[in-house]
Amino acid sequence: MSPTPDPQDVQATIDQLWVYPVKSCAGIALPEAELTDTGLAYDRTWMVVDSAGEFVTQRELPRMALIQPAFKMGQLVLRAPGMLALHLALDAAEAPLRVRVWDDEVAAYDMGDVAAQWFSDFLGPDAPADLKRLRLARFDPAVRRLCSPQWTGGREATTQFSDGFGLLVASTASLAELNARLATAGHAPVSLQRFRPNIVLAGVEAHDEDRVGPMHIATAEGEAVIEAVKPCARCPMPNIDPATAASSPEVGDTLQGYRQDARLNGAVTFGMNAIVLQGDGLVLRVGQAVRADWAFA
C-alpha cells in the first residue's frame, strides 16, 4: 500500500522507543532514536553466535535476558549479574566473520576474545555442550540483508540482525488487553519488554497496529514513514520474565486463546513487523504524533 498524502483516520503518539543493541539481550528505552533504513540506530547491531557462527537467542539461553546494555560516551556497556561490565566502542570491530541468522548467511565482524570470554563466562555454565563457547559478532554495515519480499510487496527493505524486519510496532492498549485477560485467569501482569517492540503507540485501541496503513511521523527535520507489513508470530520467548529469566507458560497460553492469526496459518501473533519507507537519518522522539489511514485488505 502506498503512503497517502494526508492520513487522518488514525491518530496516535509514540509512547516508547526501544532498541536492543545485542540481539536477544535486554533493551534500552530511549527518549529519542535515529531512524535508519534498517530500523532504529544500533538496534540488533550485535549478535551472540556459537562456534559455527550460528545465532543464539533466549530460546536456547534464557539468561540472555539478564544482560543489560547501555550507551555511554561512545561505548556500548554490557552488565550482567556477577560480571564486571564489558565496554565496547560503538565503532569497534575485529576480524571478519561469517554468521547465520535464520536462513541468511552474512558477512560480519568478530568482536574479539575479551567479548567472547565475557559471554561464554556468563552464559556458558548453564548452556548445552555445544553452546559453552560463544562469540559476539557485529553486523557489517556494507551488507544489505533484505527483508522478505513476500511481505514487503516486492519493495527492497533491509534489516540488521533482527529476525526479519527492521522495526516492531506494538501499542500500550494491546498490552492492556493481554494483562486484563491474564488478571481474569489469576496471573500477574507483564510488561511490553517481553515482546521487544521498537515503537510503542498510545492513543489507539488494542491491536489497531494490525490494521493501519503507512504511519506518518512528523519530526523536526522532516516526515518519516513506516509501514507495518507482517504480523509478528510469537515463539515461547514472551514466556520468559525479563527480570529473572524464568519461563512460565501463562503468557503464551493466554495469547493462544485470542491471538491466532489466519494470515499466518493460525500462528499466535502480537505486534507488527514494519519497514522504513522514508526518513533515513530523522530522529524519532517520544510524544511525536503518528497518523495513518486504515488498511483495507
# chains A, B, ... in the order shown; residues from 1 in each chain; ligands from 1
$ closest_atom_pairs --of "segment 165-223 of chain A" --to "segment 251-259 of chain A" --cutoff "10 Å" --atoms "only C-alpha atoms" --output "JSON lines"
{"residue": "A:Leu178", "atom": "CA", "partner": "A:Leu255", "partner_atom": "CA", "distance": 7.4}
{"residue": "A:Asn179", "atom": "CA", "partner": "A:Val251", "partner_atom": "CA", "distance": 9.1}
{"residue": "A:Arg181", "atom": "CA", "partner": "A:Thr254", "partner_atom": "CA", "distance": 7.1}
{"residue": "A:Leu182", "atom": "CA", "partner": "A:Thr254", "partner_atom": "CA", "distance": 6.8}
{"residue": "A:Ala185", "atom": "CA", "partner": "A:Thr254", "partner_atom": "CA", "distance": 8.6}
{"residue": "A:His187", "atom": "CA", "partner": "A:Val251", "partner_atom": "CA", "distance": 9.0}
{"residue": "A:Ala188", "atom": "CA", "partner": "A:Val251", "partner_atom": "CA", "distance": 9.9}
{"residue": "A:Pro189", "atom": "CA", "partner": "A:Val251", "partner_atom": "CA", "distance": 9.4}
{"residue": "A:Val190", "atom": "CA", "partner": "A:Val251", "partner_atom": "CA", "distance": 8.3}
{"residue": "A:Arg194", "atom": "CA", "partner": "A:Val251", "partner_atom": "CA", "distance": 9.5}
{"residue": "A:His207", "atom": "CA", "partner": "A:Arg259", "partner_atom": "CA", "distance": 9.9}
$ closest_atom_pairs --of "segment 183-290 of chain A" --to "segment 37-57 of chain A" --cutoff "10 Å" --atoms "only C-alpha atoms" --output "tab-separated table"
residue	atom	partner	partner_atom	distance
A:Asn198	CA	A:Leu40	CA	7.6
A:Ile199	CA	A:Leu40	CA	9.3
A:Ile226	CA	A:Gly39	CA	9.5
A:Met237	CA	A:Thr57	CA	9.2
A:Ala274	CA	A:Gly39	CA	8.7
A:Ile275	CA	A:Gly39	CA	7.3
A:Val276	CA	A:Asp37	CA	5.9
A:Leu277	CA	A:Asp37	CA	8.0
A:Gln278	CA	A:Asp37	CA	8.0
A:Gly279	CA	A:Asp37	CA	7.7
A:Asp280	CA	A:Asp37	CA	5.4
A:Gly281	CA	A:Asp37	CA	8.3
A:Leu282	CA	A:Leu40	CA	10.0
A:Val283	CA	A:Leu40	CA	9.2
A:Leu284	CA	A:Leu40	CA	8.9
$ residues_around --residues "segment 114-117 of chain A" --least-positions-apart "2" --cutoff "9 Å" --atoms "only C-alpha atoms" --output "mmCIF file with N, CA and C atoms, in the first residue's frame"
data_model
loop_
_atom_site.group_PDB
_atom_site.id
_atom_site.type_symbol
_atom_site.label_atom_id
_atom_site.label_comp_id
_atom_site.auth_asym_id
_atom_site.auth_seq_id
_atom_site.Cartn_x
_atom_site.Cartn_y
_atom_site.Cartn_z
ATOM 1 N N VAL A 48 25.052 -12.628 19.435
ATOM 2 C CA VAL A 48 25.817 -13.735 20.008
ATOM 3 C C VAL A 48 25.717 -14.927 19.067
ATOM 4 N N LEU A 86 31.305 -5.045 30.568
ATOM 5 C CA LEU A 86 32.042 -5.160 29.311
ATOM 6 C C LEU A 86 31.833 -3.869 28.532
ATOM 7 N N HIS A 87 32.925 -3.194 28.164
ATOM 8 C CA HIS A 87 32.868 -1.939 27.427
ATOM 9 C C HIS A 87 33.313 -2.179 25.990
ATOM 10 N N LEU A 88 32.472 -1.792 25.033
ATOM 11 C CA LEU A 88 32.786 -1.954 23.617
ATOM 12 C C LEU A 88 32.600 -0.615 22.917
ATOM 13 N N ASP A 110 33.919 -10.172 13.990
ATOM 14 C CA ASP A 110 34.088 -10.691 15.336
ATOM 15 C C ASP A 110 34.489 -9.547 16.268
ATOM 16 N N MET A 111 33.990 -9.580 17.510
ATOM 17 C CA MET A 111 34.286 -8.513 18.464
ATOM 18 C C MET A 111 35.439 -8.851 19.406
ATOM 19 N N GLY A 112 36.149 -9.944 19.131
ATOM 20 C CA GLY A 112 37.377 -10.205 19.871
ATOM 21 C C GLY A 112 37.227 -11.179 21.019
ATOM 22 N N PHE A 119 30.853 -13.348 27.320
ATOM 23 C CA PHE A 119 29.577 -14.018 27.063
ATOM 24 C C PHE A 119 29.655 -15.499 27.421
ATOM 25 N N SER A 120 30.785 -16.135 27.145
ATOM 26 C CA SER A 120 30.935 -17.550 27.497
ATOM 27 C C SER A 120 30.907 -17.745 29.012
ATOM 28 N N ASP A 121 31.561 -16.842 29.743
ATOM 29 C CA ASP A 121 31.584 -16.969 31.202
ATOM 30 C C ASP A 121 30.194 -16.808 31.802
ATOM 31 N N PHE A 122 29.412 -15.881 31.275
ATOM 32 C CA PHE A 122 28.094 -15.638 31.865
ATOM 33 C C PHE A 122 27.065 -16.664 31.413
ATOM 34 N N ARG A 133 30.953 -22.291 24.354
ATOM 35 C CA ARG A 133 31.898 -21.311 23.822
ATOM 36 C C ARG A 133 31.164 -20.421 22.833
ATOM 37 N N LEU A 134 31.068 -19.158 23.169
ATOM 38 C CA LEU A 134 30.292 -18.201 22.381
ATOM 39 C C LEU A 134 31.184 -17.057 21.916
ATOM 40 N N ARG A 135 30.718 -16.378 20.876
ATOM 41 C CA ARG A 135 31.414 -15.185 20.403
ATOM 42 C C ARG A 135 30.374 -14.098 20.133
ATOM 43 N N LEU A 136 30.846 -12.857 20.067
ATOM 44 C CA LEU A 136 29.976 -11.729 19.762
ATOM 45 C C LEU A 136 30.334 -11.199 18.388
#
$ residues_around --residues "Ile14 of chain A" --least-positions-apart "2" --cutoff "12 Å" --atoms "only C-alpha atoms" --output "PyMOL selection string"
chain A and resi 11-12+16-18+30-33+169-172+197-204+215-219+284-291
$ select_by_dssp --residues "segment 173-242 of chain A" --states "strand (DSSP E or B)" --output "PyMOL selection string"
chain A and resi 199-202+212+215-219+222-233+240
$ residues_around --residues "Leu97 of chain A" --least-positions-apart "6" --cutoff "10 Å" --atoms "only C-alpha atoms" --output "VMD selection string"
chain A and resid 53 106 to 111 137 to 140
$ decode --residues "segment 84-115 of chain A" --atoms "N, CA and C atoms" --output "PDB file, in the first residue's frame"
ATOM      1  N   LEU A  84      31.854  -8.274  35.791  1.00  0.00           N
ATOM      2  CA  LEU A  84      32.326  -6.924  35.553  1.00  0.00           C
ATOM      3  C   LEU A  84      31.737  -6.423  34.244  1.00  0.00           C
ATOM      4  N   ALA A  85      31.561  -5.123  34.124  1.00  0.00           N
ATOM      5  CA  ALA A  85      30.973  -4.563  32.908  1.00  0.00           C
ATOM      6  C   ALA A  85      31.900  -4.776  31.714  1.00  0.00           C
ATOM      7  N   LEU A  86      31.305  -5.045  30.568  1.00  0.00           N
ATOM      8  CA  LEU A  86      32.042  -5.160  29.311  1.00  0.00           C
ATOM      9  C   LEU A  86      31.833  -3.869  28.532  1.00  0.00           C
ATOM     10  N   HIS A  87      32.925  -3.194  28.164  1.00  0.00           N
ATOM     11  CA  HIS A  87      32.868  -1.939  27.427  1.00  0.00           C
ATOM     12  C   HIS A  87      33.313  -2.179  25.990  1.00  0.00           C
ATOM     13  N   LEU A  88      32.472  -1.792  25.033  1.00  0.00           N
ATOM     14  CA  LEU A  88      32.786  -1.954  23.617  1.00  0.00           C
ATOM     15  C   LEU A  88      32.600  -0.615  22.917  1.00  0.00           C
ATOM     16  N   ALA A  89      33.619  -0.157  22.213  1.00  0.00           N
ATOM     17  CA  ALA A  89      33.457   1.063  21.420  1.00  0.00           C
ATOM     18  C   ALA A  89      32.405   0.826  20.345  1.00  0.00           C
ATOM     19  N   LEU A  90      31.544   1.827  20.130  1.00  0.00           N
ATOM     20  CA  LEU A  90      30.459   1.659  19.176  1.00  0.00           C
ATOM     21  C   LEU A  90      30.957   1.405  17.758  1.00  0.00           C
ATOM     22  N   ASP A  91      32.162   1.856  17.447  1.00  0.00           N
ATOM     23  CA  ASP A  91      32.689   1.660  16.099  1.00  0.00           C
ATOM     24  C   ASP A  91      33.741   0.553  16.043  1.00  0.00           C
ATOM     25  N   ALA A  92      33.870  -0.230  17.111  1.00  0.00           N
ATOM     26  CA  ALA A  92      34.913  -1.263  17.154  1.00  0.00           C
ATOM     27  C   ALA A  92      34.500  -2.498  16.364  1.00  0.00           C
ATOM     28  N   ALA A  93      35.469  -3.151  15.744  1.00  0.00           N
ATOM     29  CA  ALA A  93      35.277  -4.421  15.056  1.00  0.00           C
ATOM     30  C   ALA A  93      36.649  -5.035  14.863  1.00  0.00           C
ATOM     31  N   GLU A  94      36.708  -6.366  14.884  1.00  0.00           N
ATOM     32  CA  GLU A  94      37.990  -7.032  14.690  1.00  0.00           C
ATOM     33  C   GLU A  94      37.958  -7.852  13.406  1.00  0.00           C
ATOM     34  N   ALA A  95      38.173  -9.150  13.493  1.00  0.00           N
ATOM     35  CA  ALA A  95      38.341  -9.963  12.282  1.00  0.00           C
ATOM     36  C   ALA A  95      37.015 -10.207  11.578  1.00  0.00           C
ATOM     37  N   PRO A  96      37.042 -10.326  10.246  1.00  0.00           N
ATOM     38  CA  PRO A  96      35.827 -10.709   9.517  1.00  0.00           C
ATOM     39  C   PRO A  96      35.319 -12.075   9.981  1.00  0.00           C
ATOM     40  N   LEU A  97      34.004 -12.241   9.928  1.00  0.00           N
ATOM     41  CA  LEU A  97      33.377 -13.459  10.428  1.00  0.00           C
ATOM     42  C   LEU A  97      32.108 -13.712   9.626  1.00  0.00           C
ATOM     43  N   ARG A  98      31.869 -14.949   9.236  1.00  0.00           N
ATOM     44  CA  ARG A  98      30.606 -15.313   8.596  1.00  0.00           C
ATOM     45  C   ARG A  98      29.651 -15.816   9.668  1.00  0.00           C
ATOM     46  N   VAL A  99      28.435 -15.295   9.669  1.00  0.00           N
ATOM     47  CA  VAL A  99      27.445 -15.702  10.667  1.00  0.00           C
ATOM     48  C   VAL A  99      26.132 -16.030   9.971  1.00  0.00           C
ATOM     49  N   ARG A 100      25.300 -16.765  10.682  1.00  0.00           N
ATOM     50  CA  ARG A 100      23.990 -17.125  10.148  1.00  0.00           C
ATOM     51  C   ARG A 100      22.902 -16.676  11.112  1.00  0.00           C
ATOM     52  N   VAL A 101      21.889 -16.008  10.571  1.00  0.00           N
ATOM     53  CA  VAL A 101      20.680 -15.673  11.327  1.00  0.00           C
ATOM     54  C   VAL A 101      19.498 -16.177  10.514  1.00  0.00           C
ATOM     55  N   TRP A 102      18.804 -17.146  11.051  1.00  0.00           N
ATOM     56  CA  TRP A 102      17.769 -17.873  10.324  1.00  0.00           C
ATOM     57  C   TRP A 102      18.331 -18.395   8.999  1.00  0.00           C
ATOM     58  N   ASP A 103      17.749 -18.043   7.882  1.00  0.00           N
ATOM     59  CA  ASP A 103      18.214 -18.599   6.606  1.00  0.00           C
ATOM     60  C   ASP A 103      19.283 -17.749   5.932  1.00  0.00           C
ATOM     61  N   ASP A 104      19.676 -16.658   6.566  1.00  0.00           N
ATOM     62  CA  ASP A 104      20.625 -15.739   5.938  1.00  0.00           C
ATOM     63  C   ASP A 104      22.027 -15.939   6.499  1.00  0.00           C
ATOM     64  N   GLU A 105      22.988 -16.204   5.610  1.00  0.00           N
ATOM     65  CA  GLU A 105      24.393 -16.192   5.995  1.00  0.00           C
ATOM     66  C   GLU A 105      24.994 -14.888   5.503  1.00  0.00           C
ATOM     67  N   VAL A 106      25.575 -14.116   6.403  1.00  0.00           N
ATOM     68  CA  VAL A 106      26.045 -12.775   6.049  1.00  0.00           C
ATOM     69  C   VAL A 106      27.443 -12.532   6.598  1.00  0.00           C
ATOM     70  N   ALA A 107      28.117 -11.573   5.989  1.00  0.00           N
ATOM     71  CA  ALA A 107      29.417 -11.134   6.487  1.00  0.00           C
ATOM     72  C   ALA A 107      29.213 -10.273   7.734  1.00  0.00           C
ATOM     73  N   ALA A 108      30.084 -10.475   8.716  1.00  0.00           N
ATOM     74  CA  ALA A 108      30.025  -9.702   9.957  1.00  0.00           C
ATOM     75  C   ALA A 108      31.457  -9.528  10.464  1.00  0.00           C
ATOM     76  N   TYR A 109      31.567  -8.977  11.655  1.00  0.00           N
ATOM     77  CA  TYR A 109      32.879  -8.818  12.290  1.00  0.00           C
ATOM     78  C   TYR A 109      32.852  -9.451  13.666  1.00  0.00           C
ATOM     79  N   ASP A 110      33.919 -10.172  13.990  1.00  0.00           N
ATOM     80  CA  ASP A 110      34.088 -10.691  15.336  1.00  0.00           C
ATOM     81  C   ASP A 110      34.489  -9.547  16.268  1.00  0.00           C
ATOM     82  N   MET A 111      33.990  -9.580  17.510  1.00  0.00           N
ATOM     83  CA  MET A 111      34.286  -8.513  18.464  1.00  0.00           C
ATOM     84  C   MET A 111      35.439  -8.851  19.406  1.00  0.00           C
ATOM     85  N   GLY A 112      36.149  -9.944  19.131  1.00  0.00           N
ATOM     86  CA  GLY A 112      37.377 -10.205  19.871  1.00  0.00           C
ATOM     87  C   GLY A 112      37.227 -11.179  21.019  1.00  0.00           C
ATOM     88  N   ASP A 113      38.371 -11.582  21.566  1.00  0.00           N
ATOM     89  CA  ASP A 113      38.412 -12.628  22.576  1.00  0.00           C
ATOM     90  C   ASP A 113      37.866 -12.179  23.929  1.00  0.00           C
ATOM     91  N   VAL A 114      38.040 -10.902  24.273  1.00  0.00           N
ATOM     92  CA  VAL A 114      37.532 -10.435  25.573  1.00  0.00           C
ATOM     93  C   VAL A 114      36.005 -10.520  25.602  1.00  0.00           C
ATOM     94  N   ALA A 115      35.355 -10.053  24.543  1.00  0.00           N
ATOM     95  CA  ALA A 115      33.894 -10.136  24.461  1.00  0.00           C
ATOM     96  C   ALA A 115      33.437 -11.597  24.430  1.00  0.00           C
TER      97      ALA A 115
END
